[in-house]
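Chemist: Following this message is one structure expressed as structure tokens.
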Amino acid sequence: MADIPTLAELQSQIENDIKSGLGITRTWVGKVMLKVLSLVQAAKLKIYYLHIAQIQKNIFVDTATSEFSGGTLERFGRVKLGRNPYPAVAGEYTLDVTGSIGGVILKGQTFKSSLGSTSPDKLYSVKSEVTLTGTTGQIEIVALEPGTGSVLQAGDELETTSPIANVDSVATVNSVDVTAIEAEDLEDYRNLVIQAFQLEPQGGAATDYRIWAADAAGIRTVYPYTKDGAIYTVQVFVEALPENSEPGQPAGYPPESMLTDVEDVIELDPDTTKDINERGRRPLQATVEVLEVVPVAVTITINDLSDKSAPVIALITSAIEDLMYTIRPYIPGADGTNRKDTLYISALIAAIYDVLDEGISFSNVSIEIASTTYSQYAFGDTPAKYGTYPYLDTLSTP
């Protein structure tokens, strides 16, 4: 895309064109009038340039802006993915409650998560009225705040915000029924749209599982393999976006309900406007196993680092984590020539040096996985390592 000229550049160009067209050679002739006239015309031209640039950006999916700013990104998505970006999803949970027979928990009754829960001090609403038929029972609740800010796990405790007759005030999460998911980031959405353009449907190839899985909210991508020793079984490893990962697990590890969502969209197109005969996806002969990705803890040791201050360590940590986020299993037939499945010491050194100021030095870097030191390590390249990916477990600076 061509650079947009500045207002000063346009003004100068217009002023010179007027002088040339009228044969004005003396700089003082009509100087003020020429400057005012050229500035007005430059402002008008600037608007035209900006409008043309906006149009040019929005004829390509990789540069298109959101419809909220007059762009076309979501239109590309509706054409290729059949949907807009996913909104935030409020988590839904089943609670175990105790009390006396006949205790009534009304629809809309609110509970508040305890300080020791995964998301403290968040509010949840009862979905439907429940009357206890014994001293224990279960109710279903939904978070009043969509997204992962109110996520809960089994075992978390909540308290009623107001007393309920014949019902104890404390309840415990029994199960997660609907996973809390953050609103889909526009750049993540764009990447899925681009992927849909690049990957051709082939009736059950690796690309198809990528395309199908994009219909499940909250995922980053999937890694499909033919199961070792079972040619008709496809193992699909699901990676969640960091913000939608299972609490307490490394970024990328999906919650159980996300696996169910992926399994559902692989089986059947979720677009209910289509005829049922057009919605089937899974190849008839294929057995599909939907699994969690396998995070691999990596210890990075930086020897003789000359500056071990907290800001420097934070910069290095962020750089290493950014690098590791790009290291993922290579899937033949789906990733083309874009092979980034190996963590190299050289790449680590380059990433670290990129964020260090001049004068900060270190002698060497090592990679340790499961108590073994490596100069490089490939992920997902053998059946034993299917679906694996690295995460920074420890950064050591002896």
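Going through the structure tokens in order, the chains are called A, B, and so on, while each chain numbers its residues from 1 and the ligands are numbered from 1 in the order shown.
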Could you pull the residues within 7 Å of segment 262-275 of chain A, counting only C-alpha atoms, minus those fewer than 4 positions along the same chain, as a list of chain:residue names?

Modeler: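 Residues near the query, excluding close chain neighbours: A:Tyr209, A:Trp212, A:Ala213, A:Asp215, A:Ala216, A:Met258, A:Arg279, A:Gly280, A:Arg281, A:Arg282, A:Val290.
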
Chemist: Could you give me, as an MDAnalysis selection string, the residues within 8 Å of Ser396 of chain A, counting only C-alpha atoms and dropping anything in the same chain fewer than 5 positions from it?

Modeler: chainID A and resid 299:302

Chemist: Store the residues of this selection in a file with C-alpha atoms, as a PDB file, in the first residue's frame.

Modeler:
ATOM      1  CA  THR A 299      13.346 -25.050  31.984  1.00  0.00           C
ATOM      2  CA  ILE A 300      15.560 -22.381  30.435  1.00  0.00           C
ATOM      3  CA  THR A 301      18.878 -21.599  32.086  1.00  0.00           C
ATOM      4  CA  ILE A 302      20.753 -18.401  31.237  1.00  0.00           C
TER       5      ILE A 302
END

Chemist: Please identify the alpha helix (DSSP H) residues within segment 121-198 of chain A (assignment by DSSP from backbone atoms) and present them as number ranges by chain.

Modeler: A: 186-198

Chemist: Find the residues around segment 303-320 of chain A up to 9 Å (only C-alpha atoms counted), leave out those fewer than 3 positions away in its own chain, and share them as a list in words.

Modeler: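 That gives Ile300, Leu323, Met324, Tyr325, Leu348, Ala351, Ile352, Tyr353, Asp354, Val355, Leu356, Gly359, Ile360, Ser361, Phe362, Ser363, Asn364, Val365, Ser366, Leu392, Leu395, Ser396, Thr397 and Pro398 of chain A.
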
Chemist: Generate the output file for the selected residues, N, CA and C atoms, as a short mmCIF file (atom, residue, chain, number, x, y, z; two decimals), in the first residue's frame.

Modeler:
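Done, and the output landed in selection.cif:
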data_model
loop_
_atom_site.label_atom_id
_atom_site.label_comp_id
_atom_site.auth_asym_id
_atom_site.auth_seq_id
_atom_site.Cartn_x
_atom_site.Cartn_y
_atom_site.Cartn_z
N ILE A 300 14.52 -23.10 31.17
CA ILE A 300 15.56 -22.38 30.44
C ILE A 300 16.55 -21.82 31.44
N LEU A 323 8.22 -16.51 22.05
CA LEU A 323 8.83 -17.46 21.12
C LEU A 323 8.17 -18.83 21.23
N MET A 324 7.98 -19.30 22.45
CA MET A 324 7.38 -20.63 22.65
C MET A 324 5.95 -20.70 22.13
N TYR A 325 5.26 -19.57 22.12
CA TYR A 325 3.88 -19.56 21.61
C TYR A 325 3.83 -19.86 20.11
N LEU A 348 16.32 -19.04 20.89
CA LEU A 348 16.20 -18.49 22.23
C LEU A 348 17.20 -17.35 22.45
N ALA A 351 16.03 -14.28 20.61
CA ALA A 351 14.89 -13.66 21.26
C ALA A 351 15.31 -12.89 22.51
N ILE A 352 16.25 -13.44 23.25
CA ILE A 352 16.72 -12.78 24.47
C ILE A 352 17.50 -11.52 24.13
N TYR A 353 18.42 -11.62 23.16
CA TYR A 353 19.21 -10.45 22.78
C TYR A 353 18.32 -9.32 22.23
N ASP A 354 17.22 -9.66 21.59
CA ASP A 354 16.34 -8.64 21.01
C ASP A 354 15.75 -7.71 22.06
N VAL A 355 15.63 -8.19 23.30
CA VAL A 355 14.99 -7.35 24.33
C VAL A 355 15.98 -6.78 25.33
N LEU A 356 17.27 -7.13 25.20
CA LEU A 356 18.26 -6.64 26.15
C LEU A 356 18.91 -5.35 25.66
N GLY A 359 25.17 -3.71 26.57
CA GLY A 359 25.93 -3.79 27.81
C GLY A 359 25.50 -4.93 28.70
N ILE A 360 24.29 -5.50 28.45
CA ILE A 360 23.83 -6.66 29.21
C ILE A 360 24.26 -7.91 28.45
N SER A 361 24.92 -8.82 29.14
CA SER A 361 25.47 -9.99 28.46
C SER A 361 25.18 -11.26 29.25
N PHE A 362 25.42 -12.39 28.59
CA PHE A 362 25.34 -13.71 29.23
C PHE A 362 26.24 -14.64 28.45
N SER A 363 26.61 -15.77 29.04
CA SER A 363 27.57 -16.65 28.39
C SER A 363 26.90 -17.70 27.50
N ASN A 364 25.86 -18.36 28.00
CA ASN A 364 25.18 -19.39 27.20
C ASN A 364 23.79 -19.67 27.76
N VAL A 365 23.03 -20.43 26.96
CA VAL A 365 21.64 -20.77 27.30
C VAL A 365 21.48 -22.27 27.14
N SER A 366 20.68 -22.89 28.02
CA SER A 366 20.41 -24.32 27.88
C SER A 366 18.91 -24.59 27.98
N LEU A 392 7.02 -22.27 29.23
CA LEU A 392 8.12 -21.94 30.13
C LEU A 392 7.73 -22.25 31.55
N LEU A 395 12.57 -20.23 34.64
CA LEU A 395 13.68 -19.49 34.05
C LEU A 395 14.75 -19.35 35.13
N SER A 396 15.88 -19.98 34.88
CA SER A 396 16.96 -20.00 35.87
C SER A 396 18.11 -19.10 35.41
N THR A 397 18.62 -18.28 36.34
CA THR A 397 19.75 -17.39 36.02
C THR A 397 20.82 -17.51 37.10
N PRO A 398 21.51 -18.66 37.15
CA PRO A 398 22.51 -18.89 38.21
C PRO A 398 23.69 -17.92 38.10
#

Chemist: Near segment 84-95 of chain A, within 8 Å and counting only C-alpha atoms, which residues show up once chain neighbours fewer than 5 positions away are dropped, as a ChimeraX atom specification?

Modeler: /A:74-75,77-78,138-148,150-152,171-186,189,217

Chemist: Give the answer as one residue: which of A:Ala378, A:Ile331, A:Ala154, A:Val288 has the shortest atom-to-atom distance to Val236 of chain A, using only C-alpha atoms?

Modeler: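 Looking only at the distances to Val236 of chain A, the closest residue turns out to be A:Val288.
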
Chemist: Kindly give the distance, in Å, that separates atom CA of Lys57 of chain A and atom CA of Ala214 of chain A, rounded to a single decimal.

Modeler: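 Separation between atom CA of Lys57 of chain A and atom CA of Ala214 of chain A: 24.5 Å.
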
Chemist: Residues within 10 Å of segment 52-56 of chain A, please, as JSON, numbers by chain. Count only C-alpha atoms; anything in the same chain fewer than 6 positions from it doesn't count.

Modeler: {"A": [1, 2, 3, 4, 46, 63, 64, 65, 70, 71, 72]}

Chemist: For a test of reading the model, state the distance in Å between atom CA of Leu241 of chain A and atom CA of Arg220 of chain A, rounded to one decimal.

Modeler: 4.8 Å

Chemist: Go through A:Val130, A:Ala251, A:Ala286, A:Val293 and flag the residue nearest Ala230 of chain A, using only C-alpha atoms for the distances.

Modeler: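 Using only C-alpha atoms, Ala230 of chain A sits closest to A:Ala286.
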
Chemist: Quote the spacing between atom CA of Asp228 of chain A and atom CA of Glu256 of chain A in Å to one decimal place.

Modeler: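 Calculated distance between atom CA of Asp228 of chain A and atom CA of Glu256 of chain A is 23.6 Å.
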
Chemist: May I ask which of the residues A:Phe60, A:Ala42, A:Ile24, A:Thr287 is the closest one to Phe76 of chain A, counting only C-alpha atoms?

Modeler: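 Looking only at the distances to Phe76 of chain A, the closest residue turns out to be A:Phe60.
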
Chemist: As a PDB file with N, CA and C atoms, in the first residue's frame, list the residues of segment 218-369 of chain A assigned to strand (DSSP E or B) by DSSP on the backbone atoms of this structure.

Modeler:
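Final output, selection.pdb:
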ATOM      1  N   ILE A 219     -11.251 -21.769  20.743  1.00  0.00           N
ATOM      2  CA  ILE A 219     -10.063 -22.545  20.397  1.00  0.00           C
ATOM      3  C   ILE A 219      -9.067 -21.710  19.602  1.00  0.00           C
ATOM      4  N   ARG A 220      -7.798 -22.089  19.708  1.00  0.00           N
ATOM      5  CA  ARG A 220      -6.780 -21.487  18.858  1.00  0.00           C
ATOM      6  C   ARG A 220      -6.661 -22.274  17.560  1.00  0.00           C
ATOM      7  N   THR A 221      -6.479 -23.584  17.687  1.00  0.00           N
ATOM      8  CA  THR A 221      -6.418 -24.460  16.522  1.00  0.00           C
ATOM      9  C   THR A 221      -6.474 -25.903  17.009  1.00  0.00           C
ATOM     10  N   VAL A 222      -6.405 -26.841  16.063  1.00  0.00           N
ATOM     11  CA  VAL A 222      -6.330 -28.259  16.414  1.00  0.00           C
ATOM     12  C   VAL A 222      -5.199 -28.905  15.627  1.00  0.00           C
ATOM     13  N   TYR A 223      -4.731 -30.052  16.158  1.00  0.00           N
ATOM     14  CA  TYR A 223      -3.643 -30.807  15.534  1.00  0.00           C
ATOM     15  C   TYR A 223      -4.152 -32.224  15.281  1.00  0.00           C
ATOM     16  N   PRO A 224      -4.570 -32.524  14.039  1.00  0.00           N
ATOM     17  CA  PRO A 224      -5.099 -33.856  13.733  1.00  0.00           C
ATOM     18  C   PRO A 224      -4.008 -34.822  13.276  1.00  0.00           C
ATOM     19  N   TYR A 225      -4.088 -36.046  13.782  1.00  0.00           N
ATOM     20  CA  TYR A 225      -3.143 -37.110  13.410  1.00  0.00           C
ATOM     21  C   TYR A 225      -3.927 -38.390  13.151  1.00  0.00           C
ATOM     22  N   THR A 226      -3.368 -39.247  12.323  1.00  0.00           N
ATOM     23  CA  THR A 226      -3.851 -40.619  12.263  1.00  0.00           C
ATOM     24  C   THR A 226      -3.242 -41.369  13.443  1.00  0.00           C
ATOM     25  N   THR A 233      -8.561 -44.287  12.744  1.00  0.00           N
ATOM     26  CA  THR A 233      -8.834 -43.457  13.919  1.00  0.00           C
ATOM     27  C   THR A 233      -8.042 -42.162  13.806  1.00  0.00           C
ATOM     28  N   VAL A 234      -8.748 -41.043  13.928  1.00  0.00           N
ATOM     29  CA  VAL A 234      -8.122 -39.727  13.867  1.00  0.00           C
ATOM     30  C   VAL A 234      -8.100 -39.141  15.276  1.00  0.00           C
ATOM     31  N   GLN A 235      -6.920 -38.762  15.722  1.00  0.00           N
ATOM     32  CA  GLN A 235      -6.783 -38.082  17.009  1.00  0.00           C
ATOM     33  C   GLN A 235      -6.660 -36.583  16.759  1.00  0.00           C
ATOM     34  N   VAL A 236      -7.559 -35.822  17.350  1.00  0.00           N
ATOM     35  CA  VAL A 236      -7.590 -34.369  17.173  1.00  0.00           C
ATOM     36  C   VAL A 236      -7.244 -33.723  18.513  1.00  0.00           C
ATOM     37  N   PHE A 237      -6.066 -33.113  18.588  1.00  0.00           N
ATOM     38  CA  PHE A 237      -5.629 -32.454  19.815  1.00  0.00           C
ATOM     39  C   PHE A 237      -6.053 -30.983  19.756  1.00  0.00           C
ATOM     40  N   VAL A 238      -6.758 -30.539  20.767  1.00  0.00           N
ATOM     41  CA  VAL A 238      -7.357 -29.206  20.774  1.00  0.00           C
ATOM     42  C   VAL A 238      -6.529 -28.253  21.629  1.00  0.00           C
ATOM     43  N   GLU A 239      -6.167 -27.105  21.042  1.00  0.00           N
ATOM     44  CA  GLU A 239      -5.490 -26.048  21.795  1.00  0.00           C
ATOM     45  C   GLU A 239      -6.432 -24.869  21.969  1.00  0.00           C
ATOM     46  N   ALA A 240      -6.611 -24.423  23.191  1.00  0.00           N
ATOM     47  CA  ALA A 240      -7.439 -23.259  23.483  1.00  0.00           C
ATOM     48  C   ALA A 240      -6.618 -21.987  23.362  1.00  0.00           C
ATOM     49  N   LEU A 268     -21.020 -32.478  13.034  1.00  0.00           N
ATOM     50  CA  LEU A 268     -22.129 -31.833  12.336  1.00  0.00           C
ATOM     51  C   LEU A 268     -21.877 -30.329  12.246  1.00  0.00           C
ATOM     52  N   GLY A 280     -23.538 -32.881   7.572  1.00  0.00           N
ATOM     53  CA  GLY A 280     -22.636 -33.934   8.012  1.00  0.00           C
ATOM     54  C   GLY A 280     -21.188 -33.656   7.618  1.00  0.00           C
ATOM     55  N   THR A 287     -13.108 -42.977  12.933  1.00  0.00           N
ATOM     56  CA  THR A 287     -13.362 -42.813  14.364  1.00  0.00           C
ATOM     57  C   THR A 287     -12.529 -41.640  14.838  1.00  0.00           C
ATOM     58  N   VAL A 288     -13.162 -40.688  15.513  1.00  0.00           N
ATOM     59  CA  VAL A 288     -12.463 -39.469  15.918  1.00  0.00           C
ATOM     60  C   VAL A 288     -12.329 -39.422  17.438  1.00  0.00           C
ATOM     61  N   GLU A 289     -11.109 -39.228  17.895  1.00  0.00           N
ATOM     62  CA  GLU A 289     -10.831 -39.029  19.319  1.00  0.00           C
ATOM     63  C   GLU A 289     -10.389 -37.584  19.521  1.00  0.00           C
ATOM     64  N   VAL A 290     -11.174 -36.831  20.273  1.00  0.00           N
ATOM     65  CA  VAL A 290     -10.861 -35.427  20.544  1.00  0.00           C
ATOM     66  C   VAL A 290     -10.160 -35.344  21.900  1.00  0.00           C
ATOM     67  N   LEU A 291      -8.924 -34.829  21.907  1.00  0.00           N
ATOM     68  CA  LEU A 291      -8.077 -34.874  23.093  1.00  0.00           C
ATOM     69  C   LEU A 291      -7.506 -33.496  23.420  1.00  0.00           C
ATOM     70  N   GLU A 292      -7.042 -33.332  24.663  1.00  0.00           N
ATOM     71  CA  GLU A 292      -6.353 -32.117  25.048  1.00  0.00           C
ATOM     72  C   GLU A 292      -4.935 -32.121  24.489  1.00  0.00           C
ATOM     73  N   VAL A 294      -0.958 -31.485  24.815  1.00  0.00           N
ATOM     74  CA  VAL A 294      -0.096 -31.963  25.909  1.00  0.00           C
ATOM     75  C   VAL A 294       1.000 -30.925  26.172  1.00  0.00           C
ATOM     76  N   PRO A 295       0.848 -30.086  27.205  1.00  0.00           N
ATOM     77  CA  PRO A 295       1.888 -29.094  27.498  1.00  0.00           C
ATOM     78  C   PRO A 295       3.143 -29.742  28.053  1.00  0.00           C
ATOM     79  N   VAL A 296       4.286 -29.311  27.578  1.00  0.00           N
ATOM     80  CA  VAL A 296       5.582 -29.846  28.012  1.00  0.00           C
ATOM     81  C   VAL A 296       6.340 -28.750  28.761  1.00  0.00           C
ATOM     82  N   ALA A 297       6.658 -29.004  30.016  1.00  0.00           N
ATOM     83  CA  ALA A 297       7.361 -28.023  30.838  1.00  0.00           C
ATOM     84  C   ALA A 297       8.808 -27.892  30.381  1.00  0.00           C
ATOM     85  N   VAL A 298       9.246 -26.667  30.178  1.00  0.00           N
ATOM     86  CA  VAL A 298      10.611 -26.393  29.722  1.00  0.00           C
ATOM     87  C   VAL A 298      11.308 -25.498  30.744  1.00  0.00           C
ATOM     88  N   THR A 299      12.504 -25.883  31.119  1.00  0.00           N
ATOM     89  CA  THR A 299      13.346 -25.050  31.984  1.00  0.00           C
ATOM     90  C   THR A 299      14.439 -24.424  31.129  1.00  0.00           C
ATOM     91  N   ILE A 300      14.524 -23.101  31.170  1.00  0.00           N
ATOM     92  CA  ILE A 300      15.560 -22.381  30.435  1.00  0.00           C
ATOM     93  C   ILE A 300      16.553 -21.818  31.445  1.00  0.00           C
ATOM     94  N   THR A 301      17.819 -22.113  31.218  1.00  0.00           N
ATOM     95  CA  THR A 301      18.878 -21.599  32.086  1.00  0.00           C
ATOM     96  C   THR A 301      19.737 -20.622  31.297  1.00  0.00           C
ATOM     97  N   ILE A 302      19.890 -19.425  31.846  1.00  0.00           N
ATOM     98  CA  ILE A 302      20.753 -18.401  31.237  1.00  0.00           C
ATOM     99  C   ILE A 302      21.935 -18.197  32.178  1.00  0.00           C
ATOM    100  N   ASN A 303      23.096 -18.582  31.739  1.00  0.00           N
ATOM    101  CA  ASN A 303      24.287 -18.513  32.587  1.00  0.00           C
ATOM    102  C   ASN A 303      24.996 -17.163  32.467  1.00  0.00           C
ATOM    103  N   THR A 342      10.142 -26.863  16.215  1.00  0.00           N
ATOM    104  CA  THR A 342      11.371 -27.149  16.954  1.00  0.00           C
ATOM    105  C   THR A 342      11.838 -25.921  17.728  1.00  0.00           C
ATOM    106  N   LEU A 343      12.159 -26.152  18.999  1.00  0.00           N
ATOM    107  CA  LEU A 343      12.726 -25.100  19.844  1.00  0.00           C
ATOM    108  C   LEU A 343      14.245 -25.213  19.774  1.00  0.00           C
ATOM    109  N   TYR A 344      14.883 -24.170  19.244  1.00  0.00           N
ATOM    110  CA  TYR A 344      16.334 -24.146  19.079  1.00  0.00           C
ATOM    111  C   TYR A 344      16.964 -23.196  20.100  1.00  0.00           C
ATOM    112  N   ASN A 364      25.856 -18.362  27.997  1.00  0.00           N
ATOM    113  CA  ASN A 364      25.184 -19.390  27.204  1.00  0.00           C
ATOM    114  C   ASN A 364      23.793 -19.668  27.756  1.00  0.00           C
ATOM    115  N   VAL A 365      23.025 -20.426  26.961  1.00  0.00           N
ATOM    116  CA  VAL A 365      21.640 -20.770  27.301  1.00  0.00           C
ATOM    117  C   VAL A 365      21.475 -22.274  27.140  1.00  0.00           C
ATOM    118  N   SER A 366      20.683 -22.889  28.020  1.00  0.00           N
ATOM    119  CA  SER A 366      20.407 -24.324  27.878  1.00  0.00           C
ATOM    120  C   SER A 366      18.908 -24.585  27.983  1.00  0.00           C
ATOM    121  N   ILE A 367      18.499 -25.682  27.345  1.00  0.00           N
ATOM    122  CA  ILE A 367      17.107 -26.128  27.360  1.00  0.00           C
ATOM    123  C   ILE A 367      17.045 -27.450  28.122  1.00  0.00           C
ATOM    124  N   GLU A 368      16.152 -27.533  29.095  1.00  0.00           N
ATOM    125  CA  GLU A 368      16.002 -28.768  29.859  1.00  0.00           C
ATOM    126  C   GLU A 368      14.546 -29.192  29.874  1.00  0.00           C
ATOM    127  N   ILE A 369      14.304 -30.446  29.478  1.00  0.00           N
ATOM    128  CA  ILE A 369      12.957 -31.024  29.469  1.00  0.00           C
ATOM    129  C   ILE A 369      13.032 -32.377  30.154  1.00  0.00           C
TER     130      ILE A 369
END

Chemist: Can you tell me which residues surround Thr6 of chain A at a distance of at most 12 Å, considering only C-alpha atoms, apart from same-chain residues fewer than 6 positions away, and format the answer as an NGL selection string?

Modeler: :A and (12-13 or 39 or 42-43 or 45-47 or 49-50)
